[in-house]
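What's in protein.cif: mmCIF, C-alpha atoms
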data_entry
loop_
_atom_site.label_atom_id
_atom_site.label_comp_id
_atom_site.auth_asym_id
_atom_site.auth_seq_id
_atom_site.Cartn_x
_atom_site.Cartn_y
_atom_site.Cartn_z
CA MET E 1 6.57 -22.32 -23.72
CA ASN E 2 6.36 -20.45 -20.40
CA ASP E 3 3.36 -21.68 -18.36
CA LEU E 4 4.07 -19.34 -15.48
CA PRO E 5 1.57 -16.48 -15.17
CA LEU E 6 3.11 -13.13 -16.06
CA ILE E 7 3.62 -10.94 -12.98
CA SER E 8 3.72 -7.17 -13.32
CA VAL E 9 5.81 -5.75 -10.48
CA ILE E 10 4.88 -2.10 -9.92
CA ILE E 11 7.20 0.10 -7.85
CA PRO E 12 5.89 3.60 -7.07
CA THR E 13 8.79 5.81 -5.99
CA TYR E 14 9.32 9.33 -4.74
CA GLY E 15 12.61 10.90 -3.69
CA ARG E 16 14.60 7.70 -3.30
CA GLU E 17 18.10 7.02 -4.57
CA GLU E 18 20.43 4.08 -3.80
CA ILE E 19 17.73 2.20 -1.94
CA LEU E 20 15.48 2.33 -5.02
CA ARG E 21 18.29 0.94 -7.14
CA ASP E 22 18.86 -1.89 -4.65
CA SER E 23 15.15 -2.75 -4.62
CA ILE E 24 15.08 -2.94 -8.42
CA ILE E 25 18.16 -5.16 -8.46
CA ASP E 26 16.47 -7.57 -6.04
CA VAL E 27 13.45 -7.81 -8.36
CA LEU E 28 15.61 -8.40 -11.43
CA ASN E 29 17.42 -11.21 -9.58
CA GLN E 30 14.25 -13.25 -9.06
CA ASP E 31 14.24 -16.96 -9.85
CA TYR E 32 10.75 -16.62 -11.33
CA GLY E 33 10.84 -16.81 -15.11
CA ASN E 34 8.03 -14.55 -16.29
CA PHE E 35 7.72 -10.99 -15.00
CA GLU E 36 7.95 -7.33 -15.94
CA VAL E 37 9.01 -4.39 -13.79
CA LEU E 38 7.31 -1.00 -13.92
CA VAL E 39 8.93 1.87 -12.01
CA VAL E 40 6.46 4.73 -11.58
CA ASP E 41 8.83 7.55 -10.69
CA GLN E 42 7.50 10.75 -9.15
CA SER E 43 10.92 12.11 -8.15
CA PRO E 44 11.72 15.56 -9.57
CA ASN E 45 15.44 14.68 -9.84
CA HIS E 46 17.86 11.86 -9.11
CA GLN E 47 21.50 11.67 -8.14
CA PRO E 48 23.65 11.25 -11.30
CA GLU E 49 24.62 7.64 -10.60
CA VAL E 50 21.01 6.58 -9.89
CA GLN E 51 19.77 8.50 -12.94
CA ALA E 52 22.34 6.67 -15.05
CA TYR E 53 21.32 3.29 -13.62
CA LEU E 54 17.64 3.89 -14.35
CA GLU E 55 18.38 5.09 -17.89
CA GLU E 56 20.64 2.12 -18.66
CA THR E 57 18.28 -0.45 -17.16
CA ALA E 58 15.29 0.98 -19.03
CA ALA E 59 17.24 1.17 -22.29
CA ALA E 60 18.19 -2.50 -21.89
CA GLY E 61 14.49 -3.40 -21.60
CA LYS E 62 14.84 -4.70 -18.05
CA ILE E 63 12.39 -2.18 -16.60
CA LYS E 64 9.68 0.15 -17.83
CA TRP E 65 10.50 3.56 -16.35
CA PHE E 66 7.77 6.20 -16.20
CA ARG E 67 8.49 9.77 -15.07
CA LEU E 68 5.59 11.73 -13.58
CA GLU E 69 5.28 15.38 -12.61
CA TRP E 70 2.96 14.78 -9.66
CA ALA E 71 3.16 12.80 -6.41
CA SER E 72 0.30 10.53 -5.34
CA LEU E 73 0.71 6.95 -4.18
CA PRO E 74 -2.76 5.73 -5.24
CA GLY E 75 -2.38 7.74 -8.46
CA ALA E 76 0.94 6.02 -9.15
CA ARG E 77 -0.57 2.59 -8.49
CA ASN E 78 -3.41 3.27 -10.96
CA TYR E 79 -0.94 4.63 -13.52
CA GLY E 80 1.15 1.45 -13.29
CA VAL E 81 -1.87 -0.84 -13.56
CA ARG E 82 -2.96 0.83 -16.80
CA ARG E 83 0.47 0.15 -18.34
CA SER E 84 0.93 -3.37 -17.05
CA VAL E 85 0.10 -6.56 -18.93
CA GLY E 86 0.53 -9.24 -16.27
CA GLU E 87 -2.06 -11.72 -15.09
CA ILE E 88 -0.90 -10.91 -11.58
CA ILE E 89 -0.20 -7.34 -10.47
CA LEU E 90 2.19 -7.05 -7.56
CA PHE E 91 3.04 -3.88 -5.64
CA ILE E 92 6.17 -3.34 -3.60
CA ASP E 93 7.72 -0.24 -2.06
CA ASP E 94 11.01 1.23 -3.18
CA ASP E 95 12.79 0.45 0.11
CA VAL E 96 12.57 -3.33 0.37
CA LYS E 97 14.86 -6.33 0.33
CA LEU E 98 13.72 -9.50 -1.45
CA THR E 99 14.85 -13.10 -1.67
CA PRO E 100 15.03 -14.67 -5.18
CA GLU E 101 11.94 -16.78 -4.37
CA PHE E 102 9.65 -13.83 -3.63
CA LEU E 103 7.67 -13.71 -6.90
CA ALA E 104 7.20 -17.47 -7.02
CA ALA E 105 5.76 -17.40 -3.50
CA HIS E 106 3.07 -14.92 -4.60
CA ALA E 107 2.28 -16.75 -7.84
CA LYS E 108 1.68 -20.19 -6.33
CA ASN E 109 -1.29 -18.93 -4.33
CA TYR E 110 -3.18 -17.95 -7.48
CA GLN E 111 -2.33 -21.21 -9.18
CA GLN E 112 -3.46 -23.32 -6.21
CA HIS E 113 -6.47 -21.33 -4.98
CA PRO E 114 -8.93 -19.98 -7.58
CA GLU E 115 -10.96 -18.29 -4.84
CA VAL E 116 -8.00 -16.06 -3.93
CA GLY E 117 -8.11 -12.62 -5.55
CA ALA E 118 -5.28 -11.02 -3.60
CA VAL E 119 -2.21 -12.15 -1.71
CA ALA E 120 -0.92 -10.30 1.34
CA GLY E 121 2.74 -11.06 1.89
CA ARG E 122 4.55 -11.10 5.21
CA VAL E 123 6.44 -7.90 5.99
CA PHE E 124 9.54 -8.04 8.15
CA ASP E 125 9.22 -4.42 9.17
CA ARG E 126 12.61 -3.33 10.46
CA GLY E 127 11.19 -1.05 13.16
CA LYS E 128 8.50 -3.42 14.46
CA LEU E 129 10.84 -6.40 14.58
CA SER E 130 13.32 -4.47 16.70
CA ASP E 131 10.52 -3.39 19.05
CA SER E 132 9.71 -7.00 19.93
CA GLY E 133 13.24 -8.28 19.78
CA GLY E 134 12.28 -10.45 16.81
CA ASP E 135 10.99 -13.23 19.14
CA LEU E 136 7.22 -12.73 18.97
CA GLN E 137 5.34 -15.21 16.78
CA ILE E 138 1.60 -15.45 16.11
CA GLU E 139 0.11 -18.53 14.44
CA TYR E 140 -3.41 -17.27 13.74
CA LEU E 141 -4.78 -13.76 14.03
CA PRO E 142 -7.65 -13.20 16.51
CA PRO E 143 -11.25 -12.95 15.24
CA GLN E 144 -11.09 -9.17 15.73
CA ALA E 145 -8.64 -9.02 12.82
CA MET E 146 -11.56 -9.68 10.46
CA ASP E 147 -13.77 -6.95 11.95
CA PRO E 148 -13.26 -3.79 9.84
CA GLY E 149 -14.21 -1.59 12.80
CA ILE E 150 -11.26 -2.66 14.96
CA ALA E 151 -9.16 -4.89 12.67
CA TRP E 152 -6.43 -2.29 12.22
CA TYR E 153 -5.29 -2.82 15.81
CA HIS E 154 -5.24 -6.63 15.54
CA ILE E 155 -3.82 -7.33 12.08
CA ASP E 156 -0.15 -8.21 12.43
CA LEU E 157 1.52 -9.15 9.15
CA VAL E 158 4.95 -8.89 10.78
CA HIS E 159 4.87 -11.70 13.32
CA THR E 160 2.14 -14.02 11.95
CA ILE E 161 3.57 -17.33 10.68
CA LYS E 162 0.56 -19.34 9.38
CA PRO E 163 -1.24 -18.89 6.02
CA GLN E 164 -4.82 -17.63 6.51
CA GLN E 165 -7.55 -15.39 5.19
CA VAL E 166 -7.11 -11.73 6.13
CA LEU E 167 -9.00 -8.47 5.79
CA THR E 168 -6.32 -6.40 4.08
CA ALA E 169 -2.73 -6.34 2.85
CA ARG E 170 0.27 -4.12 3.45
CA GLY E 171 0.84 -1.77 0.51
CA CYS E 172 4.55 -2.60 0.36
CA ASN E 173 3.85 -6.30 -0.33
CA MET E 174 0.55 -7.14 -2.00
CA SER E 175 -0.61 -8.69 -5.26
CA PHE E 176 -3.91 -9.03 -7.13
CA ARG E 177 -5.49 -10.91 -10.00
CA ARG E 178 -5.67 -8.63 -13.00
CA GLU E 179 -9.44 -9.05 -13.30
CA ILE E 180 -9.86 -7.17 -10.02
CA PHE E 181 -8.99 -4.08 -12.07
CA THR E 182 -10.46 -5.09 -15.44
CA LYS E 183 -13.58 -7.18 -14.81
CA TYR E 184 -14.56 -5.42 -11.59
CA GLY E 185 -13.15 -2.00 -12.46
CA LEU E 186 -11.57 -1.30 -9.08
CA LYS E 187 -9.11 1.58 -8.76
CA PHE E 188 -7.13 2.98 -5.88
CA ASP E 189 -8.89 6.06 -4.53
CA GLU E 190 -6.70 9.06 -5.28
CA ARG E 191 -8.36 11.12 -2.55
CA PHE E 192 -6.17 9.33 0.01
CA ARG E 193 -3.49 11.92 0.60
CA GLY E 194 0.00 12.40 1.98
CA SER E 195 1.63 9.01 2.45
CA ALA E 196 -1.80 7.59 1.54
CA VAL E 197 -2.36 5.81 4.85
CA ARG E 198 -5.32 3.40 4.51
CA GLU E 199 -5.49 3.56 0.70
CA GLU E 200 -4.71 -0.15 0.49
CA SER E 201 -7.20 -0.91 3.29
CA ASP E 202 -9.92 0.93 1.38
CA PHE E 203 -9.07 -0.98 -1.79
CA CYS E 204 -9.07 -4.36 -0.03
CA LEU E 205 -12.43 -3.72 1.64
CA ARG E 206 -13.92 -3.00 -1.78
CA LEU E 207 -12.18 -6.05 -3.26
CA ARG E 208 -13.88 -8.31 -0.70
CA GLN E 209 -17.24 -7.24 -2.13
CA THR E 210 -16.35 -9.11 -5.34
CA GLY E 211 -16.42 -12.42 -3.44
CA TYR E 212 -12.69 -13.01 -3.78
CA LYS E 213 -10.61 -13.80 -0.70
CA ILE E 214 -7.45 -12.05 0.46
CA TRP E 215 -4.93 -14.69 1.46
CA TYR E 216 -1.96 -14.11 3.73
CA ASP E 217 1.12 -16.14 2.82
CA PRO E 218 4.12 -15.79 5.17
CA GLU E 219 6.36 -17.38 2.53
CA ALA E 220 5.79 -14.34 0.30
CA TYR E 221 7.92 -12.21 2.57
CA LEU E 222 10.17 -9.21 2.25
CA VAL E 223 12.08 -6.86 4.52
CA HIS E 224 10.63 -3.36 4.63
CA LEU E 225 13.35 -0.88 5.56
CA GLY E 226 10.82 1.83 6.43
CA GLU E 227 12.64 5.00 5.47
CA GLU E 228 10.92 8.03 6.99
CA THR E 229 10.84 10.22 3.90
CA GLY E 230 10.58 9.58 0.20
CA GLY E 231 9.15 6.46 -1.34
CA CYS E 232 5.40 6.69 -0.81
CA HIS E 233 5.68 9.87 1.25
CA ASP E 234 5.19 13.10 -0.64
CA ILE E 235 5.27 14.92 2.71
CA SER E 236 7.30 14.32 5.88
CA MET E 237 5.69 12.07 8.49
CA ARG E 238 6.64 14.68 11.10
CA SER E 239 4.84 17.55 9.39
CA LEU E 240 1.53 19.02 10.52
CA LYS E 241 0.11 18.33 7.07
CA TYR E 242 0.87 14.64 7.49
CA GLN E 243 -0.94 14.57 10.83
CA LEU E 244 -4.04 16.06 9.23
CA THR E 245 -4.03 13.67 6.28
CA PHE E 246 -3.44 10.71 8.61
CA TYR E 247 -6.79 11.29 10.31
CA HIS E 248 -8.51 12.34 7.07
CA ASN E 249 -7.58 9.04 5.46
CA HIS E 250 -8.81 6.91 8.37
CA PHE E 251 -12.14 8.72 8.46
CA LEU E 252 -12.46 8.57 4.67
CA MET E 253 -11.97 4.81 4.71
CA ALA E 254 -14.60 4.45 7.42
CA LEU E 255 -17.16 6.74 5.79
CA LYS E 256 -16.82 4.87 2.49
CA ASN E 257 -16.84 1.29 3.71
CA LEU E 258 -18.14 0.79 7.26
CA ASN E 259 -21.61 0.62 8.72
CA THR E 260 -22.49 2.92 11.61
CA ILE E 261 -21.49 0.53 14.42
CA GLN E 262 -18.21 -0.42 12.74
CA ALA E 263 -17.37 3.22 12.08
CA LEU E 264 -18.06 4.27 15.67
CA ARG E 265 -15.82 1.49 16.94
CA LEU E 266 -13.05 2.64 14.63
CA TYR E 267 -13.42 6.28 15.70
CA ALA E 268 -13.21 5.25 19.35
CA ARG E 269 -10.10 3.12 18.85
CA LEU E 270 -8.50 5.81 16.71
CA PHE E 271 -9.06 8.36 19.46
CA ASP E 272 -7.94 6.05 22.25
CA CYS E 273 -4.75 4.99 20.50
CA HIS E 274 -3.64 7.90 18.34
CA VAL E 275 -5.01 10.84 20.31
CA LEU E 276 -4.79 9.67 23.92
CA GLY E 277 -1.69 7.66 23.07
CA ARG E 278 -2.67 4.41 24.78
CA PRO E 279 -1.28 1.01 23.66
CA PRO E 280 -0.45 -0.12 21.09
CA CYS E 281 0.38 3.44 19.97
CA ASN E 282 2.18 4.35 23.21
CA LYS E 283 2.36 8.07 22.45
CA SER E 284 3.13 10.87 24.88
CA GLY E 285 0.33 11.63 27.32
CA SER E 286 1.32 15.27 27.64
CA PRO E 287 -1.89 17.40 27.85
CA VAL E 288 -0.54 19.73 25.17
CA LYS E 289 0.22 16.89 22.76
CA VAL E 290 -3.09 15.15 23.43
CA ALA E 291 -4.96 18.41 22.81
CA THR E 292 -3.01 18.99 19.59
CA ARG E 293 -3.74 15.50 18.33
CA ALA E 294 -7.41 15.95 19.24
CA ILE E 295 -7.54 19.08 17.08
CA PHE E 296 -6.11 17.18 14.09
CA TYR E 297 -8.50 14.29 14.80
CA THR E 298 -11.45 16.69 14.62
CA LEU E 299 -10.19 18.53 11.55
CA GLY E 300 -9.47 15.20 9.85
CA PHE E 301 -13.07 14.09 10.33
CA ILE E 302 -14.40 17.39 8.99
CA LYS E 303 -12.15 17.19 5.92
CA ALA E 304 -13.12 13.55 5.27
CA LEU E 305 -16.79 14.44 5.53
CA GLY E 306 -16.16 17.22 3.03
CA THR E 307 -14.45 14.74 0.71
CA ILE E 308 -17.48 12.45 0.85
CA ILE E 309 -19.88 15.31 0.16
CA GLN E 310 -17.74 16.49 -2.74
CA SER E 311 -17.83 12.98 -4.22
CA ILE E 312 -21.45 13.63 -5.21
CA TRP E 313 -20.08 15.62 -8.15
CA ASN E 314 -16.34 14.76 -8.11
CA ASP E 315 -14.92 11.30 -7.37
CA GLY E 316 -11.44 12.73 -6.85
CA GLN E 317 -9.67 10.55 -9.44
CA ILE E 318 -7.78 13.58 -10.71
CA TYR E 319 -4.58 11.80 -11.74
CA THR E 320 -6.43 9.01 -13.51
CA ARG E 321 -8.49 11.51 -15.51
CA LEU E 322 -5.37 13.51 -16.35
CA ASP E 323 -3.59 10.37 -17.54
CA GLN E 324 -6.57 9.11 -19.53
CA SER E 325 -6.91 12.46 -21.29
CA LEU E 326 -3.21 12.36 -22.22
CA ILE E 327 -3.55 8.79 -23.53
CA LYS E 328 -6.59 9.82 -25.59
CA ASN E 329 -4.82 12.85 -27.05
CA ASN E 330 -1.77 10.80 -27.99
#

Would you encode the structure as structure tokens?
Amino acid sequence: MNDLPLISVIIPTYGREEILRDSIIDVLNQDYGNFEVLVVDQSPNHQPEVQAYLEETAAAGKIKWFRLEWASLPGARNYGVRRSVGEIILFIDDDVKLTPEFLAAHAKNYQQHPEVGAVAGRVFDRGKLSDSGGDLQIEYLPPQAMDPGIAWYHIDLVHTIKPQQVLTARGCNMSFRREIFTKYGLKFDERFRGSAVREESDFCLRLRQTGYKIWYDPEAYLVHLGEETGGCHDISMRSLKYQLTFYHNHFLMALKNLNTIQALRLYARLFDCHVLGRPPCNKSGSPVKVATRAIFYTLGFIKALGTIIQSIWNDGQIYTRLDQSLIKNN
């Protein structure tokens, strides 16, 4: 009899090829003895060899492979949750490298700590590690990392080496108790657009209202390769549309979850860092670029405010409603 809790590993993917295959292989090579793999695939087409791998692996029962005709990261997460059966639901990106102990490291936190509702794993982000030379280490995050108004500039799940309570998780390495979705009815908000920046932050802020803790475990680590396109990006990070949705998503998270003082502090830090380009963003201080970013900042706030107003009659869960209607009709 297998006493290990069943883990549902959900991999949303968009426009990825060999790197997706490698990520799946790493999951299938886990030492943990009780898990399922759900690949929520929003790619219009695949290269022949990757298509063949996915077909063969699904036919062998090693993965559950779902093909979708739309691209939305929060929508894909919700879709996978509805088709999963695990006691623990774990999300990874489609461009990661895992050790065989990865799933076991997530699972032990739920077995040892009943107050933990979510586990944030450590992310060895390839780009951020190279920026610091790989030498920086942080034992405990500063108190500001638990303040939702400014936390986003103090949370470092790359260099932090001690287990501790945190405010949020990284979307490429996070897990949850199933009852977060069933008992408490939480869903990822499908109004978070583009690469869905801050969709996991929004979800984690709402999770904390249940009384459960979010626990950071550096032993539950992976390497995030951080490809610029594909994966969770249905638009290029360099596009003007991405810039607009980046600010929209930050403002939407704030309008939904923060009190007035917290929101104003976030708006100020967002402007200082992402518009003016001051550290830790370190962007160009060119007057033209600052003015351009300020325009997107303003438009992003207006669009987020419109999203909130529209929620009075439409909660924006368009992909969930579409899926539920298809399930009902079938």

Original post:
With all atoms listed in the file as the atoms that count, which of E:Asp41, E:Glu56, E:Glu199, E:Glu219 lies nearest to His248 in chain E?
Top reply: E:Glu199

Subject >> Result set, the PyMOL selection byres ((chain E and resi 318-330) around 12) on current file, as a list in words >> reply: Leu68, Glu69, Trp70, Ala71, Ser72, Leu73, Pro74, Gly75, Ala76, Arg77, Asn78, Tyr79, Gly80, Val81, Arg82, Arg83, Lys187, Phe188, Asp189, Glu190, Arg191, Phe192, Ser311, Asn314, Asp315, Gly316 and Gln317 of chain E

Would you mind exporting C-alpha atoms of the selected residues as an mmCIF file, in the frame of the given file?
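See result_4.cif below for the written result:
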data_model
loop_
_atom_site.group_PDB
_atom_site.id
_atom_site.type_symbol
_atom_site.label_atom_id
_atom_site.label_comp_id
_atom_site.auth_asym_id
_atom_site.auth_seq_id
_atom_site.Cartn_x
_atom_site.Cartn_y
_atom_site.Cartn_z
ATOM 1 C CA LEU E 68 5.590 11.730 -13.580
ATOM 2 C CA GLU E 69 5.280 15.380 -12.610
ATOM 3 C CA TRP E 70 2.960 14.780 -9.660
ATOM 4 C CA ALA E 71 3.160 12.800 -6.410
ATOM 5 C CA SER E 72 0.300 10.530 -5.340
ATOM 6 C CA LEU E 73 0.710 6.950 -4.180
ATOM 7 C CA PRO E 74 -2.760 5.730 -5.240
ATOM 8 C CA GLY E 75 -2.380 7.740 -8.460
ATOM 9 C CA ALA E 76 0.940 6.020 -9.150
ATOM 10 C CA ARG E 77 -0.570 2.590 -8.490
ATOM 11 C CA ASN E 78 -3.410 3.270 -10.960
ATOM 12 C CA TYR E 79 -0.940 4.630 -13.520
ATOM 13 C CA GLY E 80 1.150 1.450 -13.290
ATOM 14 C CA VAL E 81 -1.870 -0.840 -13.560
ATOM 15 C CA ARG E 82 -2.960 0.830 -16.800
ATOM 16 C CA ARG E 83 0.470 0.150 -18.340
ATOM 17 C CA LYS E 187 -9.110 1.580 -8.760
ATOM 18 C CA PHE E 188 -7.130 2.980 -5.880
ATOM 19 C CA ASP E 189 -8.890 6.060 -4.530
ATOM 20 C CA GLU E 190 -6.700 9.060 -5.280
ATOM 21 C CA ARG E 191 -8.360 11.120 -2.550
ATOM 22 C CA PHE E 192 -6.170 9.330 0.010
ATOM 23 C CA SER E 311 -17.830 12.980 -4.220
ATOM 24 C CA ASN E 314 -16.340 14.760 -8.110
ATOM 25 C CA ASP E 315 -14.920 11.300 -7.370
ATOM 26 C CA GLY E 316 -11.440 12.730 -6.850
ATOM 27 C CA GLN E 317 -9.670 10.550 -9.440
#

**OP:** Apply the PyMOL selection byres ((chain E and resi 202) around 9) to the displayed file and report the matching residues as a ChimeraX atom specification.
**Re:** /E:168,188-189,198-201,203-207,252-254,256-257

Subject >> Given all atoms listed in the file as the counted atoms, nearest of E:Gly226, E:Pro48, E:Gly194, E:Gly277 to Tyr242 in chain E >> reply: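 Residue with the minimum atom-to-atom distance to Tyr242 in chain E: E:Gly194.
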
**OP:** List the residues selected by the PyMOL selection byres ((chain E and resi 44) around 12) in the file shown, writing them as an NGL selection string.
**Re:** :E and (13-17 or 41-43 or 45-47 or 51 or 67-71 or 230 or 234)

**OP:** Quick one: pull the distance between CA of Thr292 in chain E and CA of Leu276 in chain E, Å, one decimal.
**Re:**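 Straight-line distance from CA of Thr292 in chain E to CA of Leu276 in chain E works out to 10.4 Å.
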
**OP:** Please provide as a list of chain:residue names all residues within 7 Å of range 85-91 of chain E, with the sequence filter that same-chain residues fewer than 5 positions apart are discarded (counting only C-alpha atoms).
**Re:**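 Listed by chain and then number, they are E:Pro5, E:Leu6, E:Ile7, E:Ser8, E:Val9, E:Ile10, E:Ile11, E:Gly171, E:Cys172, E:Asn173, E:Met174, E:Ser175, E:Phe176, E:Arg177, E:Arg178.
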
Original post:
What gap, in Å, lies between CA of Asp147 in chain E and CA of Thr260 in chain E?
Top reply: 13.2 Å

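Shortest separation to Lys213 in chain E among E:Trp65, E:Phe181, E:Tyr247, E:Tyr110 occurs at residue E:Tyr110, atoms counted being all atoms listed in the file.
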
**OP:** Quick one: pull the distance between CA of Phe102 in chain E and CA of Leu20 in chain E, Å, one decimal.
**Re:** 17.2 Å

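Excluding Phe301 in chain E and any residue on its chain fewer than 3 positions from it, the residues at most 9 Å away by all atoms listed in the file are Tyr247, His248, Asn249, His250, Phe251, Leu252, Phe296, Tyr297, Thr298, Ala304, Leu305 and Gly306 of chain E.
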
Subject >> Counting all atoms listed in the file, the residue of E:Glu101, E:Asp22, E:Asp156, E:Glu36 that sits nearest Lys64 in chain E >> reply: E:Glu36

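Excluding Gln164 in chain E itself and same-chain residues fewer than 2 positions from it, the residues having an atom within 12 Å of it are Asn109, Val116, Val119, Ala120, Gly121, Arg122, Ile138, Glu139, Tyr140, Leu141, Pro142, Pro143, Ala145, Met146, Ile155, Leu157, Thr160, Ile161, Lys162, Val166, Leu167, Thr168, Lys213, Ile214, Trp215, Tyr216, Asp217, Pro218 and Glu219 of chain E, counting only C-alpha atoms.
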
Can you sort out the box for range 76-82 of chain E, edges along x, y and z, all listed atoms in, 3 Å on every side, with centre and edge lengths in Å to one decimal, as lines of an AutoDock Vina configuration file?
center_x = -1.1
center_y = 2.6
center_z = -12.6
size_x = 10.6
size_y = 12.9
size_z = 14.3

**OP:** Pick out the closest residue to Val123 in chain E from this set: E:Leu28, E:Ile92, E:Tyr221, E:Tyr212. Count all atoms listed in the file.
**Re:**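 With all atoms listed in the file as the atom set, the closest residue is E:Tyr221.
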